[in-house]
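Next up, model-v7.pdb (PDB, C-alpha atoms):
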```pdb
MODEL        1
ATOM      1  CA  MET L  21       0.000   0.000   0.000
ATOM      2  CA  LYS L  22       1.351   3.401  -0.969
ATOM      3  CA  ILE L  23       1.795   5.811   1.932
ATOM      4  CA  PRO L  24       0.377   9.314   1.238
ATOM      5  CA  SER L  25       3.027  11.990   0.645
ATOM      6  CA  ALA L  26       1.919  14.165   3.577
ATOM      7  CA  ILE L  27       2.283  11.246   6.002
ATOM      8  CA  ARG L  28       5.707  10.302   4.591
ATOM      9  CA  ILE L  29       6.950  13.879   5.016
ATOM     10  CA  LEU L  30       5.592  14.055   8.576
ATOM     11  CA  LEU L  31       7.127  10.722   9.578
ATOM     12  CA  LYS L  32      10.474  11.666   8.080
ATOM     13  CA  ALA L  33      10.468  15.078   9.801
ATOM     14  CA  LEU L  34       9.633  13.420  13.124
ATOM     15  CA  PHE L  35      11.813  10.323  13.173
ATOM     16  CA  VAL L  36      14.971  11.359  11.293
ATOM     17  CA  PRO L  37      16.031  13.997  13.913
ATOM     18  CA  LEU L  38      15.149  11.642  16.792
ATOM     19  CA  ILE L  39      17.190   8.798  15.320
ATOM     20  CA  ALA L  40      20.058  11.174  14.542
ATOM     21  CA  VAL L  41      20.197  12.428  18.146
ATOM     22  CA  PHE L  42      20.015   8.846  19.466
ATOM     23  CA  PHE L  43      22.970   7.645  17.380
ATOM     24  CA  LEU L  44      24.879  10.828  18.060
ATOM     25  CA  ASN L  45      24.614  10.205  21.790
ATOM     26  CA  GLN L  46      25.855   6.666  21.243
ATOM     27  CA  PHE L  47      28.826   7.638  19.125
ATOM     28  CA  ASN L  48      29.993  10.984  17.783
ATOM     29  CA  ILE L  49      32.969  10.611  15.466
ATOM     30  CA  PHE L  50      33.871  14.265  15.908
ATOM     31  CA  GLU L  51      34.751  13.597  19.531
ATOM     32  CA  TYR L  52      37.929  12.041  18.111
ATOM     33  CA  ILE L  53      38.683  14.770  15.564
ATOM     34  CA  THR L  54      40.861  17.415  17.156
ATOM     35  CA  PHE L  55      40.509  20.251  14.624
ATOM     36  CA  VAL L  56      36.768  20.617  15.397
ATOM     37  CA  PRO L  57      36.294  22.995  18.347
ATOM     38  CA  GLU L  58      34.788  21.362  21.427
ATOM     39  CA  ASP L  59      31.768  23.663  21.415
ATOM     40  CA  TYR L  60      30.868  22.623  17.866
ATOM     41  CA  LYS L  61      31.381  18.863  18.036
ATOM     42  CA  PHE L  62      27.722  18.136  18.808
ATOM     43  CA  ASP L  63      26.377  20.510  16.132
ATOM     44  CA  VAL L  64      28.720  19.198  13.435
ATOM     45  CA  GLY L  65      27.962  15.604  14.404
ATOM     46  CA  LEU L  66      24.225  16.250  14.303
ATOM     47  CA  THR L  67      24.521  17.829  10.857
ATOM     48  CA  LEU L  68      26.430  14.791   9.562
ATOM     49  CA  TYR L  69      24.011  12.264  11.064
ATOM     50  CA  LEU L  70      21.013  14.162   9.693
ATOM     51  CA  ALA L  71      22.548  14.231   6.205
ATOM     52  CA  ILE L  72      23.288  10.492   6.308
ATOM     53  CA  LEU L  73      19.833   9.574   7.585
ATOM     54  CA  GLU L  74      18.127  11.862   5.053
ATOM     55  CA  ALA L  75      20.054  10.127   2.255
ATOM     56  CA  LEU L  76      19.160   6.686   3.607
ATOM     57  CA  ALA L  77      15.499   7.702   3.908
ATOM     58  CA  GLU L  78      15.492   8.866   0.270
ATOM     59  CA  ILE L  79      17.075   5.595  -0.884
ATOM     60  CA  LEU L  80      14.581   3.485   1.082
ATOM     61  CA  GLU L  81      11.664   5.564  -0.184
ATOM     62  CA  HIS L  82      12.880   5.124  -3.757
ATOM     63  CA  LEU L  83      13.268   1.355  -3.314
ATOM     64  CA  TYR L  84       9.824   1.127  -1.717
ATOM     65  CA  SER L  85       8.167   3.104  -4.518
ATOM     66  CA  ASN L  86       9.843   0.927  -7.159
ATOM     67  CA  SER L  87       8.560  -2.222  -5.446
ATOM     68  CA  LEU L  88       4.901  -1.180  -5.808
ATOM     69  CA  ALA L  89       2.571  -1.794  -8.739
ATOM     70  CA  GLU L  90      -0.849  -0.607  -9.863
ATOM     71  CA  VAL L  91      -3.525  -2.252 -11.971
ATOM     72  CA  GLU L  92      -6.344  -0.214 -13.470
ATOM     73  CA  CYS L  93      -9.259  -2.003 -15.126
ATOM     74  CA  ILE L  94     -12.033  -0.005 -16.790
ATOM     75  CA  PHE L  95     -15.115  -1.473 -18.475
ATOM     76  CA  PHE L  96     -16.755   0.771 -21.060
ATOM     77  CA  GLN L  97     -19.133   0.855 -24.025
ATOM     78  CA  LYS L  98     -17.493   3.538 -26.177
ATOM     79  CA  THR L  99     -13.928   4.855 -26.101
ATOM     80  CA  GLU L 100     -15.110   8.395 -25.480
ATOM     81  CA  ASP L 101     -17.072   7.175 -22.442
ATOM     82  CA  ILE L 102     -14.127   5.589 -20.587
ATOM     83  CA  ASN L 103     -14.579   6.546 -16.945
ATOM     84  CA  ILE L 104     -13.710   4.454 -13.925
ATOM     85  CA  LYS L 105     -16.641   5.987 -12.042
ATOM     86  CA  ASN L 106     -19.169   4.590 -14.535
ATOM     87  CA  THR L 107     -20.868   1.197 -14.425
ATOM     88  CA  PRO L 108     -21.661   0.381 -18.064
ATOM     89  CA  VAL L 109     -24.660  -1.832 -18.818
ATOM     90  CA  PHE L 110     -24.617  -4.560 -21.475
ATOM     91  CA  VAL L 111     -27.659  -6.547 -22.572
ATOM     92  CA  CYS L 112     -27.748 -10.075 -23.974
ATOM     93  CA  SER L 113     -31.113  -9.473 -25.589
ATOM     94  CA  ASP L 114     -33.263 -11.601 -27.890
ATOM     95  CA  GLN L 115     -32.636  -9.047 -30.646
ATOM     96  CA  THR L 116     -28.927  -9.952 -30.602
ATOM     97  CA  ALA L 117     -29.533 -13.696 -30.179
ATOM     98  CA  GLY L 118     -28.437 -13.472 -26.566
ATOM     99  CA  VAL L 119     -24.968 -12.202 -27.445
ATOM    100  CA  THR L 120     -23.158  -9.031 -26.382
ATOM    101  CA  SER L 121     -19.565  -7.808 -26.168
ATOM    102  CA  ILE L 122     -18.028  -5.818 -23.352
ATOM    103  CA  SER L 123     -14.985  -3.596 -23.780
ATOM    104  CA  CYS L 124     -12.261  -3.436 -21.163
ATOM    105  CA  LYS L 125      -9.042  -1.456 -20.825
ATOM    106  CA  VAL L 126      -6.357  -2.808 -18.486
ATOM    107  CA  GLN L 127      -3.357  -0.674 -17.606
ATOM    108  CA  LEU L 128      -0.375  -1.977 -15.637
ATOM    109  CA  LYS L 129       2.162   0.279 -13.910
ATOM    110  CA  GLY L 130       5.072  -0.266 -11.575
ATOM    111  CA  ASN L 131       7.164  -3.257 -10.588
ATOM    112  CA  VAL L 132       7.136  -5.646 -13.552
ATOM    113  CA  LYS L 133       8.351  -8.690 -11.588
ATOM    114  CA  ARG L 134       5.557  -8.249  -9.066
ATOM    115  CA  LEU L 135       2.949  -7.724 -11.790
ATOM    116  CA  LYS L 136       4.027 -10.822 -13.713
ATOM    117  CA  LYS L 137       3.087 -12.938 -10.705
ATOM    118  CA  CYS L 138      -0.492 -11.604 -10.788
ATOM    119  CA  ARG L 139      -3.537 -12.183 -12.941
ATOM    120  CA  LEU L 140      -6.898 -10.488 -13.131
ATOM    121  CA  SER L 141     -10.005 -12.650 -13.004
ATOM    122  CA  LEU L 142     -13.687 -12.042 -13.652
ATOM    123  CA  GLU L 143     -16.045 -14.855 -12.665
ATOM    124  CA  LEU L 144     -19.219 -15.120 -14.724
ATOM    125  CA  PRO L 145     -22.598 -16.330 -13.432
ATOM    126  CA  ASN L 146     -23.853 -19.715 -14.635
ATOM    127  CA  TRP L 147     -26.222 -18.100 -17.160
ATOM    128  CA  LEU L 148     -23.359 -16.487 -19.067
ATOM    129  CA  THR L 149     -20.467 -17.934 -21.018
ATOM    130  CA  SER L 150     -17.696 -16.528 -23.188
ATOM    131  CA  GLN L 151     -15.661 -17.534 -26.207
ATOM    132  CA  ILE L 152     -12.111 -16.277 -25.987
ATOM    133  CA  PRO L 153     -10.037 -17.340 -29.019
ATOM    134  CA  GLN L 154      -7.771 -20.286 -28.284
ATOM    135  CA  ASN L 155      -4.751 -18.383 -29.612
ATOM    136  CA  SER L 156      -5.339 -15.325 -27.435
ATOM    137  CA  GLN L 157      -2.119 -14.319 -25.694
ATOM    138  CA  MET L 158      -3.720 -11.773 -23.373
ATOM    139  CA  MET L 159      -6.671 -13.707 -21.968
ATOM    140  CA  LEU L 160      -8.003 -17.147 -21.294
ATOM    141  CA  TYR L 161     -11.379 -18.552 -20.289
ATOM    142  CA  SER L 162     -11.557 -21.417 -17.822
ATOM    143  CA  ASP L 163     -14.221 -22.726 -15.420
ATOM    144  CA  ASN L 164     -16.539 -19.868 -16.353
ATOM    145  CA  THR L 165     -13.872 -17.335 -15.393
ATOM    146  CA  LEU L 166     -12.177 -14.768 -17.616
ATOM    147  CA  ILE L 167      -8.472 -14.301 -16.844
ATOM    148  CA  TRP L 168      -6.103 -11.562 -17.987
ATOM    149  CA  LYS L 169      -2.518 -12.856 -18.188
ATOM    150  CA  PHE L 170      -0.245 -10.060 -17.004
ATOM    151  CA  ASP L 171       2.976 -11.834 -17.958
ATOM    152  CA  THR L 172       2.048 -11.939 -21.650
ATOM    153  CA  ILE L 173       0.505  -8.457 -21.570
ATOM    154  CA  LEU L 174       3.751  -7.052 -20.196
ATOM    155  CA  SER L 175       5.918  -9.045 -22.602
ATOM    156  CA  ALA L 176       3.951  -7.781 -25.592
ATOM    157  CA  ASN L 177       3.201  -4.202 -24.527
ATOM    158  CA  ALA L 178       5.537  -3.119 -21.708
ATOM    159  CA  ILE L 179       7.438   0.156 -21.933
ATOM    160  CA  VAL L 180      10.520  -0.812 -19.931
ATOM    161  CA  ASP L 181      11.618   2.697 -18.948
ATOM    162  CA  GLU L 182       8.164   3.613 -17.678
ATOM    163  CA  GLN L 183       7.365   0.110 -16.360
ATOM    164  CA  SER L 184       3.897   0.265 -17.876
ATOM    165  CA  ALA L 185       1.671  -1.602 -20.299
ATOM    166  CA  SER L 186      -1.860  -1.142 -21.573
ATOM    167  CA  VAL L 187      -4.223  -3.423 -23.459
ATOM    168  CA  THR L 188      -7.835  -3.009 -24.592
ATOM    169  CA  THR L 189      -9.914  -6.111 -25.200
ATOM    170  CA  THR L 190     -13.400  -6.886 -26.469
ATOM    171  CA  ILE L 191     -14.956  -9.813 -24.642
ATOM    172  CA  PRO L 192     -17.888 -11.721 -26.159
ATOM    173  CA  LEU L 193     -20.599 -12.889 -23.756
ATOM    174  CA  ILE L 194     -23.331 -15.393 -24.573
ATOM    175  CA  ARG L 195     -26.526 -15.881 -22.611
ATOM    176  CA  THR L 196     -27.205 -19.533 -21.797
ATOM    177  CA  LYS L 197     -30.521 -19.001 -19.992
ATOM    178  CA  GLY L 198     -33.310 -16.666 -20.952
ATOM    179  CA  ASP L 199     -36.538 -17.826 -19.365
ATOM    180  CA  GLU L 200     -36.483 -15.366 -16.473
ATOM    181  CA  ILE L 201     -35.182 -11.821 -16.018
ATOM    182  CA  LEU L 202     -31.529 -12.010 -15.016
ATOM    183  CA  SER L 203     -29.063  -9.304 -14.051
ATOM    184  CA  VAL L 204     -25.620  -9.258 -12.434
ATOM    185  CA  VAL L 205     -23.022  -6.647 -11.485
ATOM    186  CA  LEU L 206     -19.466  -7.962 -11.855
ATOM    187  CA  GLN L 207     -16.104  -6.690 -10.652
ATOM    188  CA  PRO L 208     -12.708  -8.306 -11.307
ATOM    189  CA  GLU L 209     -10.280  -9.506  -8.643
ATOM    190  CA  LEU L 210      -6.524  -9.927  -8.503
ATOM    191  CA  ILE L 211      -5.196 -13.444  -8.111
ATOM    192  CA  SER L 212      -1.610 -14.109  -7.104
ATOM    193  CA  PRO L 213       0.493 -16.711  -5.260
ATOM    194  CA  ILE L 214       1.742 -13.865  -3.037
ATOM    195  CA  ARG L 215      -1.754 -12.455  -2.448
ATOM    196  CA  HIS L 216      -0.875  -9.445  -4.638
ATOM    197  CA  LEU L 217       1.119  -7.829  -1.825
ATOM    198  CA  GLY L 218       2.132  -4.350  -2.954
ATOM    199  CA  VAL L 219      -0.181  -4.396  -5.999
ATOM    200  CA  LYS L 220      -3.131  -2.009  -5.966
ATOM    201  CA  LEU L 221      -6.227  -2.680  -8.079
ATOM    202  CA  THR L 222      -8.489   0.164  -9.180
ATOM    203  CA  THR L 223     -11.563  -0.838 -11.160
ATOM    204  CA  ASN L 224     -15.174  -0.136 -11.930
ATOM    205  CA  SER L 225     -18.025  -2.622 -12.223
ATOM    206  CA  VAL L 226     -19.902  -3.880 -15.258
ATOM    207  CA  LYS L 227     -23.587  -4.786 -15.315
ATOM    208  CA  ILE L 228     -24.882  -7.617 -17.521
ATOM    209  CA  GLN L 229     -28.563  -8.344 -18.026
ATOM    210  CA  ASN L 230     -30.650 -10.475 -20.350
ATOM    211  CA  ARG L 231     -33.431  -7.948 -20.887
ATOM    212  CA  GLY L 232     -33.275  -4.368 -22.128
TER     213      GLY L 232
ENDMDL
END
```
Written as structure tokens, how would this file's structure read?
Amino acid sequence: MKIPSAIRILLKALFVPLIAVFFLNQFNIFEYITFVPEDYKFDVGLTLYLAILEALAEILEHLYSNSLAEVECIFFQKTEDINIKNTPVFVCSDQTAGVTSISCKVQLKGNVKRLKKCRLSLELPNWLTSQIPQNSQMMLYSDNTLIWKFDTILSANAIVDEQSASVTTTIPLIRTKGDEILSVVLQPELISPIRHLGVKLTTNSVKIQNRG
């Protein structure tokens, strides 16, 4: 989880001076340097310890930021309507022989190694099915679940310098039951052997129904 900037600044401002004073009281190298006047040994030592700890804090913050990853998944009807706050509605109506197609944009950012261990899944209800092409490199369909394969998405689309990749897919859905009025709101989930630690998912929902 990414720590907000204001909290990071506050924590650094609070703990770095405290830690510096603690270590300075344990050992001040300037106590053994004769050309530094006695009255200034503490001040010079504190300045050095603060500089070292500030540098270490920056390095750790940089390493922490580089270890994080973000996944954004947006369902939409038209490209101009892409908005993560929207819940688009798709209908498997009789007029379309019970078939519809949903559009989805997935964007990956951050630590590539961490992202490659994750997948995105969307479980369908038993009255819906899908037909993902067998040769699809980005997605697969198994046990009534749609799965986005991050490893192949990143391999095919990743911008190494920016550690990002984006793919837009059109997913066919087929109604298998139509006797009663059916409706479902779906939202994808991250799946990972490491429980997607350090990977943040931001997504909207998609609504599927069998009547207009």
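The residues returned by the PyMOL selection byres ((chain L and resi 103) around 12) for this structure are L:Glu92, L:Cys93, L:Ile94, L:Phe95, L:Phe96, L:Gln97, L:Lys98, L:Thr99, L:Glu100, L:Asp101, L:Ile102, L:Ile104, L:Lys105, L:Asn106, L:Thr107, L:Pro108, L:Cys124, L:Lys125, L:Thr222, L:Thr223, L:Asn224, L:Ser225, L:Val226.
From CA of Val64 (chain L) back to CA of Phe47 (chain L), the distance works out to 12.9 Å.
Look at Thr165 (chain L): the protein and nucleic acid residues within 7 Å of it, using all atoms listed in the file and passing over chain neighbours fewer than 6 places away, are Ser141, Leu142, Glu143 and Leu144 of chain L.
Here CA of Val187 (chain L) stands at a distance of 10.0 Å from CA of Trp168 (chain L).
Interatomic distance, CA of Leu206 (chain L) against CA of Leu166 (chain L): 11.5 Å.
Of the residues listed (L:Ser87, L:Asn131, L:Thr189, L:Ser113), L:Ser113 shows the shortest atom-to-atom separation from Ile228 (chain L); distances use only C-alpha atoms.
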Item checked: Nearest to Gly65 (chain L) by atom-to-atom distance, counting all atoms listed in the file, from L:Phe42, L:Leu83, L:Phe35, L:Thr120 -> L:Phe42
Item checked: Evaluate the PyMOL selection byres ((chain L and resi 69) around 9) and report residues as a PyMOL selection string -> chain L and resi 37+39-41+43-44+64-68+70-74
Check: Smallest atom-to-atom distance to Ile167 (chain L): which of L:Gly130, L:Pro208, L:Pro153, L:Pro192, using all atoms listed in the file?
Finding: L:Pro208
Check: So which residues are close to (-3.9, -7.8, -20.6), meaning at most 9 Å away in the file's coordinates with only C-alpha atoms counted, and can you show them as JSON, numbers by chain?
Finding: {"L": [125, 126, 127, 128, 139, 140, 157, 158, 159, 167, 168, 169, 170, 171, 172, 173, 174, 177, 185, 186, 187, 188, 189]}
Take the residues just selected and output them with C-alpha atoms as a PDB file, in the frame of the given file.
```pdb
ATOM      1  CA  LYS L 125      -9.042  -1.456 -20.825  1.00  0.00           C
ATOM      2  CA  VAL L 126      -6.357  -2.808 -18.486  1.00  0.00           C
ATOM      3  CA  GLN L 127      -3.357  -0.674 -17.606  1.00  0.00           C
ATOM      4  CA  LEU L 128      -0.375  -1.977 -15.637  1.00  0.00           C
ATOM      5  CA  ARG L 139      -3.537 -12.183 -12.941  1.00  0.00           C
ATOM      6  CA  LEU L 140      -6.898 -10.488 -13.131  1.00  0.00           C
ATOM      7  CA  GLN L 157      -2.119 -14.319 -25.694  1.00  0.00           C
ATOM      8  CA  MET L 158      -3.720 -11.773 -23.373  1.00  0.00           C
ATOM      9  CA  MET L 159      -6.671 -13.707 -21.968  1.00  0.00           C
ATOM     10  CA  ILE L 167      -8.472 -14.301 -16.844  1.00  0.00           C
ATOM     11  CA  TRP L 168      -6.103 -11.562 -17.987  1.00  0.00           C
ATOM     12  CA  LYS L 169      -2.518 -12.856 -18.188  1.00  0.00           C
ATOM     13  CA  PHE L 170      -0.245 -10.060 -17.004  1.00  0.00           C
ATOM     14  CA  ASP L 171       2.976 -11.834 -17.958  1.00  0.00           C
ATOM     15  CA  THR L 172       2.048 -11.939 -21.650  1.00  0.00           C
ATOM     16  CA  ILE L 173       0.505  -8.457 -21.570  1.00  0.00           C
ATOM     17  CA  LEU L 174       3.751  -7.052 -20.196  1.00  0.00           C
ATOM     18  CA  ASN L 177       3.201  -4.202 -24.527  1.00  0.00           C
ATOM     19  CA  ALA L 185       1.671  -1.602 -20.299  1.00  0.00           C
ATOM     20  CA  SER L 186      -1.860  -1.142 -21.573  1.00  0.00           C
ATOM     21  CA  VAL L 187      -4.223  -3.423 -23.459  1.00  0.00           C
ATOM     22  CA  THR L 188      -7.835  -3.009 -24.592  1.00  0.00           C
ATOM     23  CA  THR L 189      -9.914  -6.111 -25.200  1.00  0.00           C
TER      24      THR L 189
END
```
Please produce region 116-129 of chain L, completed to N, CA and C atoms, as a PDB file, in the coordinates of the input.
```pdb
ATOM      1  N   THR L 116     -30.320  -9.634 -30.214  1.00  0.00           N
ATOM      2  CA  THR L 116     -28.927  -9.952 -30.602  1.00  0.00           C
ATOM      3  C   THR L 116     -28.623 -11.436 -30.403  1.00  0.00           C
ATOM      4  N   ALA L 117     -29.673 -12.245 -30.357  1.00  0.00           N
ATOM      5  CA  ALA L 117     -29.533 -13.696 -30.179  1.00  0.00           C
ATOM      6  C   ALA L 117     -28.826 -14.045 -28.877  1.00  0.00           C
ATOM      7  N   GLY L 118     -29.021 -13.200 -27.872  1.00  0.00           N
ATOM      8  CA  GLY L 118     -28.437 -13.472 -26.566  1.00  0.00           C
ATOM      9  C   GLY L 118     -26.942 -13.227 -26.474  1.00  0.00           C
ATOM     10  N   VAL L 119     -26.414 -12.452 -27.413  1.00  0.00           N
ATOM     11  CA  VAL L 119     -24.968 -12.202 -27.445  1.00  0.00           C
ATOM     12  C   VAL L 119     -24.696 -10.709 -27.253  1.00  0.00           C
ATOM     13  N   THR L 120     -23.643 -10.400 -26.504  1.00  0.00           N
ATOM     14  CA  THR L 120     -23.158  -9.031 -26.382  1.00  0.00           C
ATOM     15  C   THR L 120     -21.645  -9.059 -26.229  1.00  0.00           C
ATOM     16  N   SER L 121     -21.017  -7.905 -26.337  1.00  0.00           N
ATOM     17  CA  SER L 121     -19.565  -7.808 -26.168  1.00  0.00           C
ATOM     18  C   SER L 121     -19.254  -6.634 -25.250  1.00  0.00           C
ATOM     19  N   ILE L 122     -18.426  -6.887 -24.253  1.00  0.00           N
ATOM     20  CA  ILE L 122     -18.028  -5.818 -23.352  1.00  0.00           C
ATOM     21  C   ILE L 122     -16.593  -5.403 -23.668  1.00  0.00           C
ATOM     22  N   SER L 123     -16.329  -4.121 -23.531  1.00  0.00           N
ATOM     23  CA  SER L 123     -14.985  -3.596 -23.780  1.00  0.00           C
ATOM     24  C   SER L 123     -14.301  -3.327 -22.452  1.00  0.00           C
ATOM     25  N   CYS L 124     -13.007  -3.569 -22.417  1.00  0.00           N
ATOM     26  CA  CYS L 124     -12.261  -3.436 -21.163  1.00  0.00           C
ATOM     27  C   CYS L 124     -10.838  -2.967 -21.453  1.00  0.00           C
ATOM     28  N   LYS L 125     -10.418  -1.948 -20.716  1.00  0.00           N
ATOM     29  CA  LYS L 125      -9.042  -1.456 -20.825  1.00  0.00           C
ATOM     30  C   LYS L 125      -8.309  -1.771 -19.534  1.00  0.00           C
ATOM     31  N   VAL L 126      -7.188  -2.460 -19.650  1.00  0.00           N
ATOM     32  CA  VAL L 126      -6.357  -2.808 -18.486  1.00  0.00           C
ATOM     33  C   VAL L 126      -5.012  -2.118 -18.631  1.00  0.00           C
ATOM     34  N   GLN L 127      -4.640  -1.362 -17.608  1.00  0.00           N
ATOM     35  CA  GLN L 127      -3.357  -0.674 -17.606  1.00  0.00           C
ATOM     36  C   GLN L 127      -2.541  -1.130 -16.402  1.00  0.00           C
ATOM     37  N   LEU L 128      -1.279  -1.491 -16.670  1.00  0.00           N
ATOM     38  CA  LEU L 128      -0.375  -1.977 -15.637  1.00  0.00           C
ATOM     39  C   LEU L 128       0.760  -0.978 -15.461  1.00  0.00           C
ATOM     40  N   LYS L 129       1.080  -0.655 -14.203  1.00  0.00           N
ATOM     41  CA  LYS L 129       2.162   0.279 -13.910  1.00  0.00           C
ATOM     42  C   LYS L 129       2.958  -0.225 -12.718  1.00  0.00           C
TER      43      LYS L 129
END
```
